[in-house]
Amino acid sequence: MDFYLGLAQVIGVHTLLGLSAWCVLHTGQVSLAQGGFFAIGAYASGMLTSMVGWPLWLALPAASVISALVAIAVGFPALRVKGLMLVVATTAFAEIVRLVFFNLTWRVPGPDGNLVGPDGSLGFGGIRYFPSNGWTSGEIVTLIWGLVAVVMLVLAWLDRSRVGTLWRAVGEDEVAAQSVGINLTAAKVSAFGIGGAIAGVAGAVFAHYTTHIEHSNFTILLATFAIAYPILGGLSSLLGTVLAVVFIQGILIEGLRFLGDWRSLLFGALILLMMLIRPSGMITSPLGRLLRGGREPDGVAPRSASGKEKAHA
Amino acid sequence: MLELQQLSRHFGGVKALDQLDLTVNKGEILGLIGPNGSGKSTTVNLIAGLYQPSSGSLRFKGQDIGALPVHERAALGMARTFQNIRLFGNLSVWQNVWAARVVRESGWAGVQARWLASGRQARDEVRQLLAFSNLADKADTLAGNLSFGEQRRLELARAAASGAELLLLDEPAAGMNAEEIEELDQRIRALRDRGHTILLIEHHMELVMEVCDRVAVLNFGRKIAEGTPAQVQDNAAVRAAYLGSDETVAEPAATATATA
């Protein structure tokens with residue numbers, strides 16, 4: 001049972017991470033910085049609860065805000081580069097973040113007298129908010145999936161509302177988007193900021209359920225997973241991201257554990273197969289539309305009655 | 001409405017546009033023609049803000065717009081179409097027009113339009129524009145799946161939706177057959193009747209001569225003639241530019257499209 005609860009935690013956190021990349025990808029930006037924002041959320045929230053003694057319900061939004069601010073700060077220079085160069089630049093950023101935490105040693109006496117805080121390459125242990133407040137695994141899973149639900153509702157609303165359409169327009173064609181009056185800076189930076197806020201939340205819950213974090217949790221592999229989820233799941237639907245996380249984390253990584261070392265080989269092959277069978281993601285637009293009951297993502301039923309008659313005539 | 005003064009743009013040593021003076025008056029349809037490589041597209045890109053002028057000034061509604069970024073020029077009331085159609089291919093027809101419609105709101109109205117579920121008026125306008133463009137029953141279709149003619153109509157609808165007083169149409173008839181051009185002719189007039197001022201950059205002579213109030217002719221980056229369609233057609237320099245003379249050798253491709 002504990003295994004499945006643990007898996008549910010991992011899948012929940014990775015879903016949040018995937019959703020953060022989903023925001024940025026919508027504006028046509030492939031960012032490998034999401035792992036960095038995740039790390040910042042993890043360290044910030046861990047420090048706030050274990051070193052400052054804040055309750056989680058304060059530390060979580062605070063970590064989210066900090067990650068969002070950093071993401072906005074990254075979003076501005078990121079405007080100047082596109083495509084592969086953006087990948088390189090955001091990778092560099094993620095590595096800088098990782099190396100900062102690799103070198104950060106800042107330990108203070110905790111509530112029980114022992115030193116707590118990041119300890120360089122040894123990592124940051126003793127983030128014991130959940131155990132010392134008597135949270136059960138089930139409650140932690142509930143919290144994580146509650147957050148996933150909230151984030152998905154907000155993003156679904158954003159996507160159906162105006163902002164989502166503007167993000168997509170920028171992702172489709174920047175020149176055309178500018179020419180109808182869309183402010184590229186505002187669109188891209190807001191996507192970065194919202195994505196950063198979500199990654200920060202993900203990092204914060206990750207830090208608290210593992211209780212020990214270190215720089216090696218936040219390598220490029222994590223950032224690669226983050227963008228793999230929405231791409232594999234299909235950008236047109238939020239549900240696709242969740243399915244992709246379940247597929248990768250649940251089935252490929254955990255479900256095939258019995259295969260031992262052969263697993264990694266199969267892992268690559270299965271992802272390749274997915275890309276071949278469904279190149280635009282698991283949930284494509286027509287399928288997504290079917291799932292939504294035929295409505296457009298912006299929630300408008302634009303056809304007038306007469307238009308419909310004409311279409312059927 | 002739009003004044004270009006001594007506007008130049010050089011690419012390296014090439015003078016793509018050389019000291020162009022041009023005025024677009026409110027409510028008119030001004031044609032800008034010229035052989036291939038004469039500077040027409042450069043002019044549009046300078047007006048829209050995709051290129052920065054090497055020298056000269058650009059005034060729109062009395063305001064110097066030379067230093068404004070593309071989206072701020074659009075916000076002042078100009079919109080364009082592209083020679084090679086640029087739509088948001090994976091967005092629906094509705095969303096293409098709708099995106100252009102909502103960004104035109106600014107301030108609190110803009111916040112509401114972008115972030116909150118308001119805007120019945122915006123919806124009505126989009127619906128009406130789609131009907132005007134004969135795209136009402138395609139509202140749910142992805143823009144990338146439309147036929148060529150429909151894509152051209154959608155691009156026009158999107159430009160009109162942004163609330164632009166000035167529409168810059170960059171070769172809207174490219175790739176169209178005679179019937180479609182006839183329809184485009186009607187559509188351009190209808191857009192003017194809806195209150196838009198139009199700068200039409202076009203190769204297709206019949207359309208230009210038919211629809212424009214005034215025509216300016218470019219060749220090698222310089223304006224060689226300006227006037228009513230009849231005046232321009234009789235102009236010796238224009239004939240030389242298009243048909244070639246001893247001094248000026250026109251490109252054969254330009255001649256072919258011009259008379260097609």
# chains A, B, ... in the order shown; residues from 1 in each chain; ligands from 1
call {"tool": "residues_around", "arguments": {"residues": "Gln52 in chain B", "least_positions_apart": "5", "cutoff": "9 Å", "atoms": "only C-alpha atoms", "output": "list in words"}}
result
Arg9, Asn45, Leu46, Ile47, Gly66 and Ala67 of chain B
call {"tool": "write_last_selection", "arguments": {"atoms": "C-alpha atoms", "output": "mmCIF file, in the first residue's frame"}}
result
data_model
loop_
_atom_site.group_PDB
_atom_site.id
_atom_site.type_symbol
_atom_site.label_atom_id
_atom_site.label_comp_id
_atom_site.auth_asym_id
_atom_site.auth_seq_id
_atom_site.Cartn_x
_atom_site.Cartn_y
_atom_site.Cartn_z
ATOM 1 C CA ARG B 9 15.947 51.440 -45.799
ATOM 2 C CA ASN B 45 7.488 45.978 -43.137
ATOM 3 C CA LEU B 46 8.746 49.458 -42.309
ATOM 4 C CA ILE B 47 5.228 50.710 -41.662
ATOM 5 C CA GLY B 66 9.312 55.263 -36.031
ATOM 6 C CA ALA B 67 10.558 53.898 -32.719
#
call {"tool": "residues_around", "arguments": {"residues": "Asp112 in chain A", "least_positions_apart": "5", "cutoff": "12 Å", "atoms": "only C-alpha atoms", "output": "list of chain:residue names"}}
result
A:Ser50, A:Met51, A:Gly53, A:Gly126, A:Arg128, A:Ser132
call {"tool": "write_last_selection", "arguments": {"atoms": "C-alpha atoms", "output": "short mmCIF file (atom, residue, chain, number, x, y, z; two decimals), in the first residue's frame"}}
result
data_model
loop_
_atom_site.label_atom_id
_atom_site.label_comp_id
_atom_site.auth_asym_id
_atom_site.auth_seq_id
_atom_site.Cartn_x
_atom_site.Cartn_y
_atom_site.Cartn_z
CA SER A 50 12.67 23.85 8.93
CA MET A 51 14.87 26.89 9.54
CA GLY A 53 9.63 27.53 11.44
CA GLY A 126 15.64 17.26 8.10
CA ARG A 128 10.49 17.12 8.77
CA SER A 132 6.63 16.10 13.07
#
call {"tool": "residues_around", "arguments": {"residues": "range 205-220 of chain A", "least_positions_apart": "4", "cutoff": "8 Å", "atoms": "only C-alpha atoms", "output": "NGL selection string"}}
result
:A and (13 or 32 or 35-36 or 38-39 or 42-43 or 45-46 or 60 or 91 or 94-95 or 98-99 or 101-102 or 121-130 or 140 or 144 or 201 or 224)
call {"tool": "closest_atom_pairs", "arguments": {"of": "chain B", "to": "chain A", "cutoff": "9 Å", "atoms": "only C-alpha atoms", "output": "CSV"}}
result
residue,atom,partner,partner_atom,distance
B:Ala48,CA,A:Ser179,CA,7.3
B:Gly49,CA,A:Ser179,CA,8.8
B:Leu50,CA,A:Val175,CA,8.3
B:Pro69,CA,A:Gln178,CA,8.8
B:Val70,CA,A:Gln178,CA,5.8
B:His71,CA,A:Gly181,CA,4.1
B:Glu72,CA,A:Gly181,CA,6.5
B:Arg73,CA,A:Gly181,CA,7.5
B:Ala74,CA,A:Gly181,CA,4.8
B:Ala75,CA,A:Gly181,CA,5.5
B:Leu76,CA,A:Gly181,CA,8.9
B:Met78,CA,A:Val180,CA,8.3
B:Ala79,CA,A:Val180,CA,6.0
B:Arg80,CA,A:Ser179,CA,6.7
B:Thr81,CA,A:Ala176,CA,8.5
B:Phe82,CA,A:Ala176,CA,8.4
B:Arg86,CA,A:Ala176,CA,6.0
B:Leu87,CA,A:Ala176,CA,6.9
B:Phe88,CA,A:Glu172,CA,5.2
B:Gly89,CA,A:Glu172,CA,6.7
B:Asn90,CA,A:Glu172,CA,7.1
B:Leu91,CA,A:Ala169,CA,7.5
B:Ser92,CA,A:Glu296,CA,8.3
B:Trp94,CA,A:Pro302,CA,7.2
B:Gln95,CA,A:Thr165,CA,6.8
B:Asn96,CA,A:Ala169,CA,7.7
B:Trp98,CA,A:Thr165,CA,8.5
B:Ala99,CA,A:Leu166,CA,6.0
B:Ala100,CA,A:Val180,CA,5.4
B:Arg101,CA,A:Val180,CA,8.5
B:Val102,CA,A:Arg162,CA,7.5
B:Val103,CA,A:Ile182,CA,6.1
B:Arg104,CA,A:Gly181,CA,6.9
B:Ala113,CA,A:Arg162,CA,6.9
B:Arg114,CA,A:Arg162,CA,4.4
B:Trp115,CA,A:Arg162,CA,5.9
B:Leu116,CA,A:Ser161,CA,6.9
B:Ala117,CA,A:Ser161,CA,6.4
B:Arg123,CA,A:Pro302,CA,8.0
B:Val126,CA,A:Pro302,CA,8.8
B:Arg127,CA,A:Pro302,CA,6.9
B:Ala131,CA,A:Gly307,CA,8.7
B:Ala136,CA,A:Gly307,CA,6.0
B:Asp137,CA,A:Gly307,CA,5.2
B:Lys138,CA,A:Ala311,CA,8.5
B:Ala139,CA,A:Pro302,CA,6.6
B:Asp140,CA,A:Glu296,CA,7.2
B:Arg158,CA,A:Val180,CA,7.6
B:Ala159,CA,A:Val180,CA,6.6
B:Ala161,CA,A:Val180,CA,8.7
B:Ser162,CA,A:Val180,CA,6.0
B:Ala164,CA,A:Val180,CA,8.9
call {"tool": "write_last_selection", "arguments": {"atoms": "N, CA and C atoms", "output": "compact mmCIF listing (two decimals), in the first residue's frame"}}
result
# COMPACT_ATOMS: atom_id res chain seq x y z
N ALA B 48 4.79 48.55 -40.64
CA ALA B 48 4.30 47.69 -39.56
C ALA B 48 5.31 47.60 -38.42
N GLY B 49 6.57 47.91 -38.70
CA GLY B 49 7.55 47.91 -37.62
C GLY B 49 8.45 46.69 -37.58
N LEU B 50 8.36 45.83 -38.60
CA LEU B 50 9.24 44.66 -38.60
C LEU B 50 10.66 45.05 -38.99
N PRO B 69 7.54 49.55 -31.09
CA PRO B 69 7.55 48.14 -31.47
C PRO B 69 6.26 47.74 -32.20
N VAL B 70 6.31 46.60 -32.87
CA VAL B 70 5.23 46.16 -33.74
C VAL B 70 3.86 46.20 -33.05
N HIS B 71 3.80 45.61 -31.85
CA HIS B 71 2.46 45.46 -31.24
C HIS B 71 1.88 46.81 -30.82
N GLU B 72 2.76 47.79 -30.51
CA GLU B 72 2.23 49.09 -30.13
C GLU B 72 1.70 49.85 -31.34
N ARG B 73 2.34 49.62 -32.49
CA ARG B 73 1.79 50.23 -33.71
C ARG B 73 0.42 49.62 -34.01
N ALA B 74 0.32 48.31 -33.82
CA ALA B 74 -0.96 47.65 -34.05
C ALA B 74 -2.01 48.23 -33.11
N ALA B 75 -1.60 48.47 -31.86
CA ALA B 75 -2.55 48.99 -30.88
C ALA B 75 -3.03 50.39 -31.25
N LEU B 76 -2.21 51.14 -31.97
CA LEU B 76 -2.62 52.48 -32.40
C LEU B 76 -3.68 52.42 -33.50
N MET B 78 -3.40 49.91 -36.62
CA MET B 78 -3.08 49.39 -37.95
C MET B 78 -2.93 47.88 -37.87
N ALA B 79 -3.29 47.22 -38.94
CA ALA B 79 -3.14 45.77 -38.97
C ALA B 79 -2.77 45.39 -40.39
N ARG B 80 -2.19 44.22 -40.54
CA ARG B 80 -1.71 43.85 -41.86
C ARG B 80 -2.04 42.39 -42.18
N THR B 81 -1.96 42.08 -43.45
CA THR B 81 -1.96 40.69 -43.86
C THR B 81 -0.58 40.43 -44.47
N PHE B 82 -0.28 39.17 -44.72
CA PHE B 82 1.05 38.82 -45.17
C PHE B 82 1.02 38.22 -46.57
N ARG B 86 0.07 34.13 -42.88
CA ARG B 86 0.54 33.74 -41.55
C ARG B 86 -0.66 33.70 -40.62
N LEU B 87 -1.20 32.52 -40.43
CA LEU B 87 -2.31 32.36 -39.50
C LEU B 87 -1.81 31.60 -38.29
N PHE B 88 -2.66 31.54 -37.26
CA PHE B 88 -2.35 30.66 -36.13
C PHE B 88 -2.94 29.30 -36.50
N GLY B 89 -2.12 28.47 -37.16
CA GLY B 89 -2.61 27.28 -37.83
C GLY B 89 -3.31 26.27 -36.94
N ASN B 90 -2.85 26.13 -35.70
CA ASN B 90 -3.45 25.14 -34.82
C ASN B 90 -4.52 25.72 -33.91
N LEU B 91 -4.90 26.97 -34.20
CA LEU B 91 -6.04 27.54 -33.49
C LEU B 91 -7.23 27.51 -34.44
N SER B 92 -8.43 27.49 -33.84
CA SER B 92 -9.61 27.46 -34.70
C SER B 92 -9.79 28.81 -35.38
N TRP B 94 -12.33 30.64 -35.26
CA TRP B 94 -12.87 31.54 -34.25
C TRP B 94 -11.75 32.15 -33.40
N GLN B 95 -10.85 31.31 -32.92
CA GLN B 95 -9.80 31.80 -32.03
C GLN B 95 -8.84 32.76 -32.73
N ASN B 96 -8.60 32.53 -34.02
CA ASN B 96 -7.74 33.43 -34.78
C ASN B 96 -8.29 34.85 -34.75
N TRP B 98 -10.69 35.98 -32.80
CA TRP B 98 -10.97 36.37 -31.43
C TRP B 98 -9.72 36.89 -30.72
N ALA B 99 -8.57 36.25 -30.97
CA ALA B 99 -7.32 36.69 -30.36
C ALA B 99 -7.03 38.14 -30.76
N ALA B 100 -7.23 38.43 -32.04
CA ALA B 100 -6.98 39.80 -32.52
C ALA B 100 -7.98 40.77 -31.91
N ARG B 101 -9.21 40.31 -31.70
CA ARG B 101 -10.24 41.19 -31.17
C ARG B 101 -9.97 41.56 -29.71
N VAL B 102 -9.56 40.59 -28.88
CA VAL B 102 -9.43 40.90 -27.45
C VAL B 102 -8.19 41.70 -27.12
N VAL B 103 -7.11 41.55 -27.91
CA VAL B 103 -5.92 42.32 -27.52
C VAL B 103 -6.11 43.81 -27.73
N ARG B 104 -7.14 44.20 -28.47
CA ARG B 104 -7.26 45.62 -28.72
C ARG B 104 -7.79 46.37 -27.50
N ALA B 113 -11.09 41.53 -20.52
CA ALA B 113 -11.25 40.78 -21.76
C ALA B 113 -10.30 39.59 -21.79
N ARG B 114 -9.08 39.78 -21.26
CA ARG B 114 -8.09 38.72 -21.35
C ARG B 114 -8.22 37.68 -20.27
N TRP B 115 -8.54 38.13 -19.05
CA TRP B 115 -8.48 37.19 -17.93
C TRP B 115 -9.85 36.77 -17.43
N LEU B 116 -10.87 37.55 -17.68
CA LEU B 116 -12.18 37.20 -17.14
C LEU B 116 -13.11 36.80 -18.27
N ALA B 117 -14.14 36.09 -17.88
CA ALA B 117 -15.05 35.60 -18.91
C ALA B 117 -16.11 36.65 -19.22
N ARG B 123 -17.63 38.98 -28.61
CA ARG B 123 -18.11 37.76 -29.27
C ARG B 123 -19.02 38.07 -30.44
N VAL B 126 -16.92 39.22 -33.34
CA VAL B 126 -16.20 38.14 -34.01
C VAL B 126 -17.18 37.36 -34.88
N ARG B 127 -18.36 37.07 -34.32
CA ARG B 127 -19.36 36.30 -35.05
C ARG B 127 -19.74 37.03 -36.34
N ALA B 131 -19.15 36.02 -40.29
CA ALA B 131 -20.25 35.99 -41.26
C ALA B 131 -19.87 36.82 -42.49
N ALA B 136 -18.58 31.68 -41.28
CA ALA B 136 -19.38 31.43 -40.09
C ALA B 136 -19.49 29.94 -39.78
N ASP B 137 -19.65 29.11 -40.81
CA ASP B 137 -19.83 27.69 -40.52
C ASP B 137 -18.49 26.96 -40.41
N LYS B 138 -17.38 27.71 -40.46
CA LYS B 138 -16.07 27.08 -40.30
C LYS B 138 -15.45 27.46 -38.96
N ALA B 139 -16.24 28.10 -38.09
CA ALA B 139 -15.67 28.68 -36.86
C ALA B 139 -14.85 27.68 -36.06
N ASP B 140 -15.25 26.41 -36.07
CA ASP B 140 -14.55 25.40 -35.27
C ASP B 140 -13.36 24.77 -35.99
N ARG B 158 -9.09 38.64 -39.50
CA ARG B 158 -8.29 38.81 -38.29
C ARG B 158 -7.75 40.24 -38.22
N ALA B 159 -7.27 40.74 -39.37
CA ALA B 159 -6.75 42.10 -39.40
C ALA B 159 -7.85 43.09 -39.05
N ALA B 161 -10.49 42.54 -37.30
CA ALA B 161 -10.95 42.36 -35.92
C ALA B 161 -10.11 43.14 -34.93
N SER B 162 -8.86 43.41 -35.29
CA SER B 162 -8.01 44.11 -34.34
C SER B 162 -8.42 45.57 -34.20
N ALA B 164 -8.35 47.86 -36.49
CA ALA B 164 -7.44 48.75 -37.18
C ALA B 164 -8.18 49.71 -38.08
call {"tool": "atom_distance", "arguments": {"atom1": "CA of Gly240 in chain A", "atom2": "CA of Leu143 in chain A"}}
result
21.6 Å
call {"tool": "closest_residue", "arguments": {"among": "B:Met209, B:Thr43, B:Val24, B:Leu243", "to": "His10 in chain B", "atoms": "only C-alpha atoms"}}
result
B:Thr43
call {"tool": "select_by_dssp", "arguments": {"residues": "range 75-141 of chain A", "states": "strand (DSSP E or B)", "output": "PDB file with C-alpha atoms, in the first residue's frame"}}
result
ATOM      1  CA  THR A 105      25.908  25.702   3.200  1.00  0.00           C
ATOM      2  CA  VAL A 108      21.133  27.148  11.822  1.00  0.00           C
ATOM      3  CA  PRO A 109      19.925  25.495  15.048  1.00  0.00           C
ATOM      4  CA  LEU A 115      21.614  22.120  13.056  1.00  0.00           C
ATOM      5  CA  VAL A 116      19.295  22.250  10.055  1.00  0.00           C
ATOM      6  CA  ASP A 119      24.744  21.474   3.757  1.00  0.00           C
ATOM      7  CA  PHE A 124      19.467  19.495   2.771  1.00  0.00           C
TER       8      PHE A 124
END
